[in-house]
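Notes follow the structure.
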Amino acid sequence: MTEREYNECVRQYADNVYRFILKNLRHEEDARDVVQTAFEKMWRNREEVDVRKSKSYLFTVAYHQMIDHIRKVKRIQLREEFKEELKVENRPSNNLKKILDEALSRLNDTQRSLVMLKDYEGYSYEEIGQIMNLNPSQVKVYLHRARVQLKEYLVRMENVI
């Protein structure tokens with residue numbers, strides 16, 4: 001990959017990778033750090049990266065960086081677990097984006113990443129499998145389970161009203 005091809009890759013895919021990572025991490029600074037590290041690794045390995053596969057390579061590296069970041073944060077922080085009661089009366093009506101974001105946040109990291117890669121970014125099952133180190137059958141099964149979980153949350157009465 002030449003410097004020009006690398007710059008074109010940055011121009012073409014930076015927003016998509018950032019959006020994908022931000023949707024999973026839900027923290028802008030962390031997402032920027034992960035994406036920057038992914039592009040840095042791509043730059044260091046540009047001689048080995050096939051230009052035709054640069055998008056897949058970039059998403060794969062970013063995904064693995066995100067997983068490493070999540071593991072690191074979990075080791076560093078002590079998490080207090082508590083469940084807040086859902087109050088229907090406090091929810092703004094017809095705020096579909098907020099409800100969808102809440103539904104996505106209820107998925108585990110793998111499920112959320114699968115939904116983001118397939119439904120937001122448009123990757124094929126095979127490409128997602130390469131990015132996440134899963135076979136296409138696993139991708140289909142995990143994605144189906146994630147979508148069922150999303151559906152169950154989205155059709156609850158308090159979310160519909």
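By order of appearance in the structure tokens: chains A, B, ..., then residues from 1 within every chain, and ligands from 1 in the order shown.
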Set the distance at 8 Å and use only C-alpha atoms: which residues neighbour range 8-15 of chain A once local chain neighbours fewer than 5 positions away are removed? I'd like the list as a list in words. Val35, Phe39, Ser54 and Lys55 of chain A
Residues flagged helix (DSSP H, G or I) by DSSP in range 6-155 of chain A, as a short mmCIF file (atom, residue, chain, number, x, y, z; two decimals) with N, CA and C atoms, in the first residue's frame:
```cif
data_model
loop_
_atom_site.label_atom_id
_atom_site.label_comp_id
_atom_site.auth_asym_id
_atom_site.auth_seq_id
_atom_site.Cartn_x
_atom_site.Cartn_y
_atom_site.Cartn_z
N TYR A 6 -2.95 4.79 1.23
CA TYR A 6 -3.25 4.87 2.66
C TYR A 6 -4.11 6.10 2.95
N ASN A 7 -3.71 7.25 2.41
CA ASN A 7 -4.47 8.48 2.62
C ASN A 7 -5.89 8.36 2.07
N GLU A 8 -6.04 7.70 0.94
CA GLU A 8 -7.37 7.49 0.36
C GLU A 8 -8.21 6.58 1.28
N CYS A 9 -7.57 5.58 1.84
CA CYS A 9 -8.25 4.68 2.79
C CYS A 9 -8.73 5.47 4.01
N VAL A 10 -7.88 6.33 4.53
CA VAL A 10 -8.26 7.17 5.68
C VAL A 10 -9.46 8.03 5.30
N ARG A 11 -9.40 8.67 4.15
CA ARG A 11 -10.48 9.54 3.71
C ARG A 11 -11.79 8.76 3.56
N GLN A 12 -11.70 7.56 2.99
CA GLN A 12 -12.89 6.78 2.69
C GLN A 12 -13.52 6.13 3.91
N TYR A 13 -12.71 5.61 4.83
CA TYR A 13 -13.25 4.74 5.87
C TYR A 13 -13.19 5.29 7.29
N ALA A 14 -12.54 6.41 7.51
CA ALA A 14 -12.37 6.92 8.88
C ALA A 14 -13.71 7.13 9.58
N ASP A 15 -14.66 7.74 8.90
CA ASP A 15 -15.96 8.01 9.52
C ASP A 15 -16.71 6.72 9.85
N ASN A 16 -16.67 5.75 8.94
CA ASN A 16 -17.37 4.48 9.17
C ASN A 16 -16.78 3.72 10.35
N VAL A 17 -15.46 3.66 10.42
CA VAL A 17 -14.80 2.94 11.51
C VAL A 17 -15.10 3.65 12.83
N TYR A 18 -15.01 4.97 12.84
CA TYR A 18 -15.28 5.73 14.06
C TYR A 18 -16.72 5.50 14.53
N ARG A 19 -17.66 5.56 13.61
CA ARG A 19 -19.08 5.36 13.95
C ARG A 19 -19.29 3.97 14.54
N PHE A 20 -18.67 2.97 13.94
CA PHE A 20 -18.79 1.59 14.42
C PHE A 20 -18.24 1.46 15.84
N ILE A 21 -17.06 1.99 16.07
CA ILE A 21 -16.42 1.88 17.38
C ILE A 21 -17.18 2.71 18.42
N LEU A 22 -17.60 3.90 18.05
CA LEU A 22 -18.34 4.77 18.98
C LEU A 22 -19.65 4.12 19.40
N LYS A 23 -20.34 3.50 18.47
CA LYS A 23 -21.61 2.85 18.78
C LYS A 23 -21.41 1.72 19.78
N ASN A 24 -20.27 1.07 19.73
CA ASN A 24 -19.98 -0.03 20.65
C ASN A 24 -19.45 0.47 22.00
N LEU A 25 -18.54 1.43 21.98
CA LEU A 25 -17.93 1.90 23.23
C LEU A 25 -18.78 2.95 23.93
N GLU A 28 -16.74 8.95 23.26
CA GLU A 28 -16.08 9.58 22.11
C GLU A 28 -14.56 9.53 22.20
N GLU A 29 -14.00 9.88 23.34
CA GLU A 29 -12.54 9.91 23.47
C GLU A 29 -11.94 8.52 23.27
N ASP A 30 -12.56 7.53 23.90
CA ASP A 30 -12.07 6.16 23.75
C ASP A 30 -12.18 5.70 22.30
N ALA A 31 -13.29 6.04 21.65
CA ALA A 31 -13.48 5.65 20.25
C ALA A 31 -12.41 6.28 19.37
N ARG A 32 -12.11 7.55 19.60
CA ARG A 32 -11.06 8.22 18.82
C ARG A 32 -9.71 7.54 19.02
N ASP A 33 -9.41 7.19 20.27
CA ASP A 33 -8.14 6.52 20.56
C ASP A 33 -8.04 5.18 19.84
N VAL A 34 -9.12 4.41 19.89
CA VAL A 34 -9.12 3.09 19.25
C VAL A 34 -8.94 3.23 17.74
N VAL A 35 -9.67 4.15 17.13
CA VAL A 35 -9.58 4.35 15.68
C VAL A 35 -8.19 4.84 15.29
N GLN A 36 -7.65 5.76 16.07
CA GLN A 36 -6.31 6.27 15.77
C GLN A 36 -5.28 5.14 15.85
N THR A 37 -5.40 4.30 16.85
CA THR A 37 -4.47 3.17 16.99
C THR A 37 -4.61 2.21 15.81
N ALA A 38 -5.85 1.99 15.35
CA ALA A 38 -6.08 1.10 14.21
C ALA A 38 -5.41 1.66 12.95
N PHE A 39 -5.56 2.95 12.71
CA PHE A 39 -4.92 3.56 11.55
C PHE A 39 -3.39 3.56 11.69
N GLU A 40 -2.93 3.74 12.90
CA GLU A 40 -1.49 3.70 13.14
C GLU A 40 -0.93 2.31 12.82
N LYS A 41 -1.63 1.26 13.25
CA LYS A 41 -1.18 -0.10 12.94
C LYS A 41 -1.22 -0.36 11.44
N MET A 42 -2.25 0.18 10.79
CA MET A 42 -2.35 0.00 9.35
C MET A 42 -1.17 0.70 8.66
N TRP A 43 -0.80 1.88 9.16
CA TRP A 43 0.33 2.60 8.58
C TRP A 43 1.63 1.82 8.76
N ARG A 44 1.83 1.28 9.97
CA ARG A 44 3.05 0.52 10.23
C ARG A 44 3.14 -0.74 9.37
N VAL A 51 -4.38 -3.37 -0.85
CA VAL A 51 -5.28 -2.22 -0.98
C VAL A 51 -6.73 -2.66 -1.15
N ARG A 52 -6.96 -3.75 -1.88
CA ARG A 52 -8.32 -4.22 -2.11
C ARG A 52 -8.99 -4.73 -0.83
N LYS A 53 -8.18 -5.07 0.15
CA LYS A 53 -8.70 -5.60 1.41
C LYS A 53 -8.48 -4.62 2.56
N SER A 54 -8.19 -3.38 2.24
CA SER A 54 -7.85 -2.41 3.29
C SER A 54 -9.03 -2.12 4.22
N LYS A 55 -10.24 -2.09 3.69
CA LYS A 55 -11.41 -1.82 4.54
C LYS A 55 -11.59 -2.95 5.55
N SER A 56 -11.54 -4.16 5.09
CA SER A 56 -11.68 -5.31 5.98
C SER A 56 -10.55 -5.35 7.00
N TYR A 57 -9.34 -5.09 6.55
CA TYR A 57 -8.18 -5.07 7.45
C TYR A 57 -8.38 -4.01 8.53
N LEU A 58 -8.80 -2.83 8.13
CA LEU A 58 -8.98 -1.73 9.06
C LEU A 58 -10.06 -2.04 10.10
N PHE A 59 -11.21 -2.55 9.65
CA PHE A 59 -12.27 -2.89 10.59
C PHE A 59 -11.83 -4.02 11.53
N THR A 60 -11.07 -4.96 11.03
CA THR A 60 -10.59 -6.06 11.86
C THR A 60 -9.66 -5.54 12.95
N VAL A 61 -8.72 -4.72 12.56
CA VAL A 61 -7.78 -4.15 13.53
C VAL A 61 -8.53 -3.29 14.55
N ALA A 62 -9.45 -2.45 14.07
CA ALA A 62 -10.21 -1.59 14.98
C ALA A 62 -11.05 -2.41 15.95
N TYR A 63 -11.68 -3.46 15.44
CA TYR A 63 -12.49 -4.33 16.30
C TYR A 63 -11.63 -4.95 17.40
N HIS A 64 -10.46 -5.47 17.03
CA HIS A 64 -9.58 -6.09 18.02
C HIS A 64 -9.04 -5.06 19.01
N GLN A 65 -8.75 -3.87 18.54
CA GLN A 65 -8.33 -2.79 19.44
C GLN A 65 -9.44 -2.45 20.42
N MET A 66 -10.69 -2.43 19.93
CA MET A 66 -11.84 -2.13 20.78
C MET A 66 -11.98 -3.20 21.87
N ILE A 67 -11.85 -4.47 21.49
CA ILE A 67 -11.95 -5.56 22.47
C ILE A 67 -10.84 -5.43 23.51
N ASP A 68 -9.62 -5.14 23.06
CA ASP A 68 -8.52 -4.94 24.00
C ASP A 68 -8.80 -3.78 24.95
N HIS A 69 -9.35 -2.71 24.41
CA HIS A 69 -9.68 -1.54 25.22
C HIS A 69 -10.74 -1.90 26.27
N ILE A 70 -11.76 -2.61 25.87
CA ILE A 70 -12.83 -3.01 26.80
C ILE A 70 -12.25 -3.87 27.92
N ARG A 71 -11.40 -4.82 27.57
CA ARG A 71 -10.79 -5.69 28.58
C ARG A 71 -9.93 -4.87 29.54
N LYS A 72 -9.19 -3.92 29.00
CA LYS A 72 -8.33 -3.09 29.83
C LYS A 72 -9.17 -2.25 30.79
N VAL A 73 -10.23 -1.66 30.30
CA VAL A 73 -11.10 -0.83 31.14
C VAL A 73 -11.75 -1.67 32.23
N LYS A 74 -12.18 -2.87 31.89
CA LYS A 74 -12.80 -3.75 32.89
C LYS A 74 -11.82 -4.12 33.98
N ARG A 75 -10.55 -4.28 33.63
CA ARG A 75 -9.53 -4.61 34.64
C ARG A 75 -9.26 -3.42 35.55
N ILE A 76 -9.28 -2.23 34.99
CA ILE A 76 -8.90 -1.03 35.74
C ILE A 76 -10.03 -0.56 36.65
N VAL A 88 -42.00 4.37 32.75
CA VAL A 88 -42.62 4.70 31.46
C VAL A 88 -42.95 6.17 31.39
N GLU A 89 -43.42 6.74 32.47
CA GLU A 89 -43.88 8.13 32.43
C GLU A 89 -42.74 9.13 32.19
N ASN A 90 -41.51 8.74 32.46
CA ASN A 90 -40.37 9.64 32.25
C ASN A 90 -39.77 9.54 30.86
N LEU A 96 -37.49 7.37 18.90
CA LEU A 96 -37.06 6.09 18.35
C LEU A 96 -35.56 5.87 18.47
N LYS A 97 -34.76 6.90 18.20
CA LYS A 97 -33.31 6.75 18.26
C LYS A 97 -32.88 6.37 19.67
N LYS A 98 -33.44 7.03 20.67
CA LYS A 98 -33.08 6.74 22.05
C LYS A 98 -33.47 5.31 22.43
N ILE A 99 -34.65 4.88 22.01
CA ILE A 99 -35.11 3.53 22.30
C ILE A 99 -34.22 2.51 21.60
N LEU A 100 -33.85 2.78 20.35
CA LEU A 100 -32.98 1.87 19.61
C LEU A 100 -31.59 1.81 20.25
N ASP A 101 -31.05 2.95 20.66
CA ASP A 101 -29.76 2.97 21.35
C ASP A 101 -29.82 2.17 22.64
N GLU A 102 -30.92 2.32 23.38
CA GLU A 102 -31.10 1.56 24.62
C GLU A 102 -31.17 0.06 24.32
N ALA A 103 -31.88 -0.30 23.26
CA ALA A 103 -31.98 -1.72 22.88
C ALA A 103 -30.60 -2.26 22.52
N LEU A 104 -29.82 -1.50 21.74
CA LEU A 104 -28.48 -1.94 21.37
C LEU A 104 -27.56 -2.05 22.60
N SER A 105 -27.73 -1.16 23.56
CA SER A 105 -26.87 -1.20 24.74
C SER A 105 -27.15 -2.42 25.61
N ASP A 109 -21.29 -7.35 23.95
CA ASP A 109 -20.35 -6.72 23.00
C ASP A 109 -20.33 -7.41 21.64
N THR A 110 -20.32 -8.74 21.65
CA THR A 110 -20.28 -9.49 20.40
C THR A 110 -21.55 -9.27 19.59
N GLN A 111 -22.69 -9.37 20.24
CA GLN A 111 -23.96 -9.19 19.53
C GLN A 111 -24.06 -7.78 18.97
N ARG A 112 -23.69 -6.79 19.76
CA ARG A 112 -23.78 -5.39 19.29
C ARG A 112 -22.86 -5.19 18.09
N SER A 113 -21.66 -5.75 18.16
CA SER A 113 -20.72 -5.61 17.03
C SER A 113 -21.27 -6.28 15.78
N LEU A 114 -21.87 -7.45 15.94
CA LEU A 114 -22.45 -8.15 14.79
C LEU A 114 -23.56 -7.32 14.15
N VAL A 115 -24.46 -6.79 14.97
CA VAL A 115 -25.56 -5.98 14.43
C VAL A 115 -25.00 -4.74 13.73
N MET A 116 -24.00 -4.10 14.34
CA MET A 116 -23.42 -2.90 13.74
C MET A 116 -22.76 -3.20 12.40
N LEU A 117 -21.98 -4.29 12.36
CA LEU A 117 -21.28 -4.62 11.12
C LEU A 117 -22.24 -5.03 10.01
N LYS A 118 -23.28 -5.78 10.36
CA LYS A 118 -24.20 -6.28 9.34
C LYS A 118 -25.22 -5.21 8.94
N ASP A 119 -25.92 -4.65 9.92
CA ASP A 119 -27.05 -3.79 9.62
C ASP A 119 -26.69 -2.32 9.43
N TYR A 120 -25.61 -1.87 10.05
CA TYR A 120 -25.21 -0.48 9.89
C TYR A 120 -24.15 -0.31 8.79
N TYR A 125 -21.77 -11.92 5.73
CA TYR A 125 -21.49 -12.84 6.83
C TYR A 125 -20.03 -13.28 6.82
N GLU A 126 -19.49 -13.52 5.64
CA GLU A 126 -18.11 -13.97 5.53
C GLU A 126 -17.14 -12.87 6.00
N GLU A 127 -17.40 -11.63 5.60
CA GLU A 127 -16.53 -10.53 6.01
C GLU A 127 -16.59 -10.32 7.52
N ILE A 128 -17.79 -10.41 8.07
CA ILE A 128 -17.94 -10.26 9.52
C ILE A 128 -17.19 -11.38 10.23
N GLY A 129 -17.29 -12.59 9.70
CA GLY A 129 -16.57 -13.71 10.27
C GLY A 129 -15.08 -13.48 10.30
N GLN A 130 -14.54 -12.91 9.23
CA GLN A 130 -13.11 -12.62 9.18
C GLN A 130 -12.73 -11.56 10.20
N ILE A 131 -13.55 -10.53 10.32
CA ILE A 131 -13.26 -9.44 11.26
C ILE A 131 -13.30 -9.94 12.70
N MET A 132 -14.29 -10.77 13.02
CA MET A 132 -14.51 -11.17 14.41
C MET A 132 -14.00 -12.58 14.74
N PRO A 136 -18.94 -18.23 9.26
CA PRO A 136 -20.21 -17.64 8.82
C PRO A 136 -21.44 -18.21 9.53
N SER A 137 -21.42 -19.49 9.88
CA SER A 137 -22.55 -20.09 10.59
C SER A 137 -22.70 -19.48 11.98
N GLN A 138 -21.58 -19.28 12.66
CA GLN A 138 -21.64 -18.64 13.98
C GLN A 138 -22.16 -17.22 13.86
N VAL A 139 -21.71 -16.51 12.84
CA VAL A 139 -22.17 -15.14 12.63
C VAL A 139 -23.69 -15.13 12.48
N LYS A 140 -24.22 -16.03 11.66
CA LYS A 140 -25.66 -16.07 11.42
C LYS A 140 -26.42 -16.39 12.70
N VAL A 141 -25.94 -17.36 13.47
CA VAL A 141 -26.63 -17.76 14.70
C VAL A 141 -26.59 -16.62 15.72
N TYR A 142 -25.41 -16.07 15.96
CA TYR A 142 -25.28 -14.99 16.94
C TYR A 142 -26.08 -13.75 16.52
N LEU A 143 -26.07 -13.46 15.22
CA LEU A 143 -26.82 -12.31 14.73
C LEU A 143 -28.32 -12.54 14.89
N HIS A 144 -28.77 -13.75 14.63
CA HIS A 144 -30.20 -14.07 14.81
C HIS A 144 -30.60 -13.88 16.27
N ARG A 145 -29.78 -14.38 17.18
CA ARG A 145 -30.09 -14.24 18.61
C ARG A 145 -30.11 -12.77 19.03
N ALA A 146 -29.20 -12.00 18.49
CA ALA A 146 -29.16 -10.56 18.81
C ALA A 146 -30.42 -9.87 18.31
N ARG A 147 -30.83 -10.22 17.10
CA ARG A 147 -32.03 -9.59 16.53
C ARG A 147 -33.28 -10.00 17.30
N VAL A 148 -33.34 -11.24 17.76
CA VAL A 148 -34.48 -11.68 18.58
C VAL A 148 -34.51 -10.88 19.87
N GLN A 149 -33.36 -10.70 20.48
CA GLN A 149 -33.28 -9.93 21.72
C GLN A 149 -33.70 -8.47 21.48
N LEU A 150 -33.25 -7.90 20.37
CA LEU A 150 -33.66 -6.53 20.02
C LEU A 150 -35.17 -6.45 19.83
N LYS A 151 -35.72 -7.42 19.11
CA LYS A 151 -37.15 -7.43 18.84
C LYS A 151 -37.95 -7.51 20.14
N GLU A 152 -37.52 -8.40 21.04
CA GLU A 152 -38.23 -8.55 22.31
C GLU A 152 -38.23 -7.24 23.09
N TYR A 153 -37.14 -6.52 23.06
CA TYR A 153 -37.08 -5.25 23.78
C TYR A 153 -37.93 -4.19 23.07
N LEU A 154 -37.81 -4.13 21.75
CA LEU A 154 -38.48 -3.06 21.00
C LEU A 154 -39.99 -3.18 20.98
#
```
One number please: CA of Arg106 in chain A to CA of His27 in chain A, in Å, one decimal.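 Computed distance, CA of Arg106 in chain A to CA of His27 in chain A, equals 16.0 Å.
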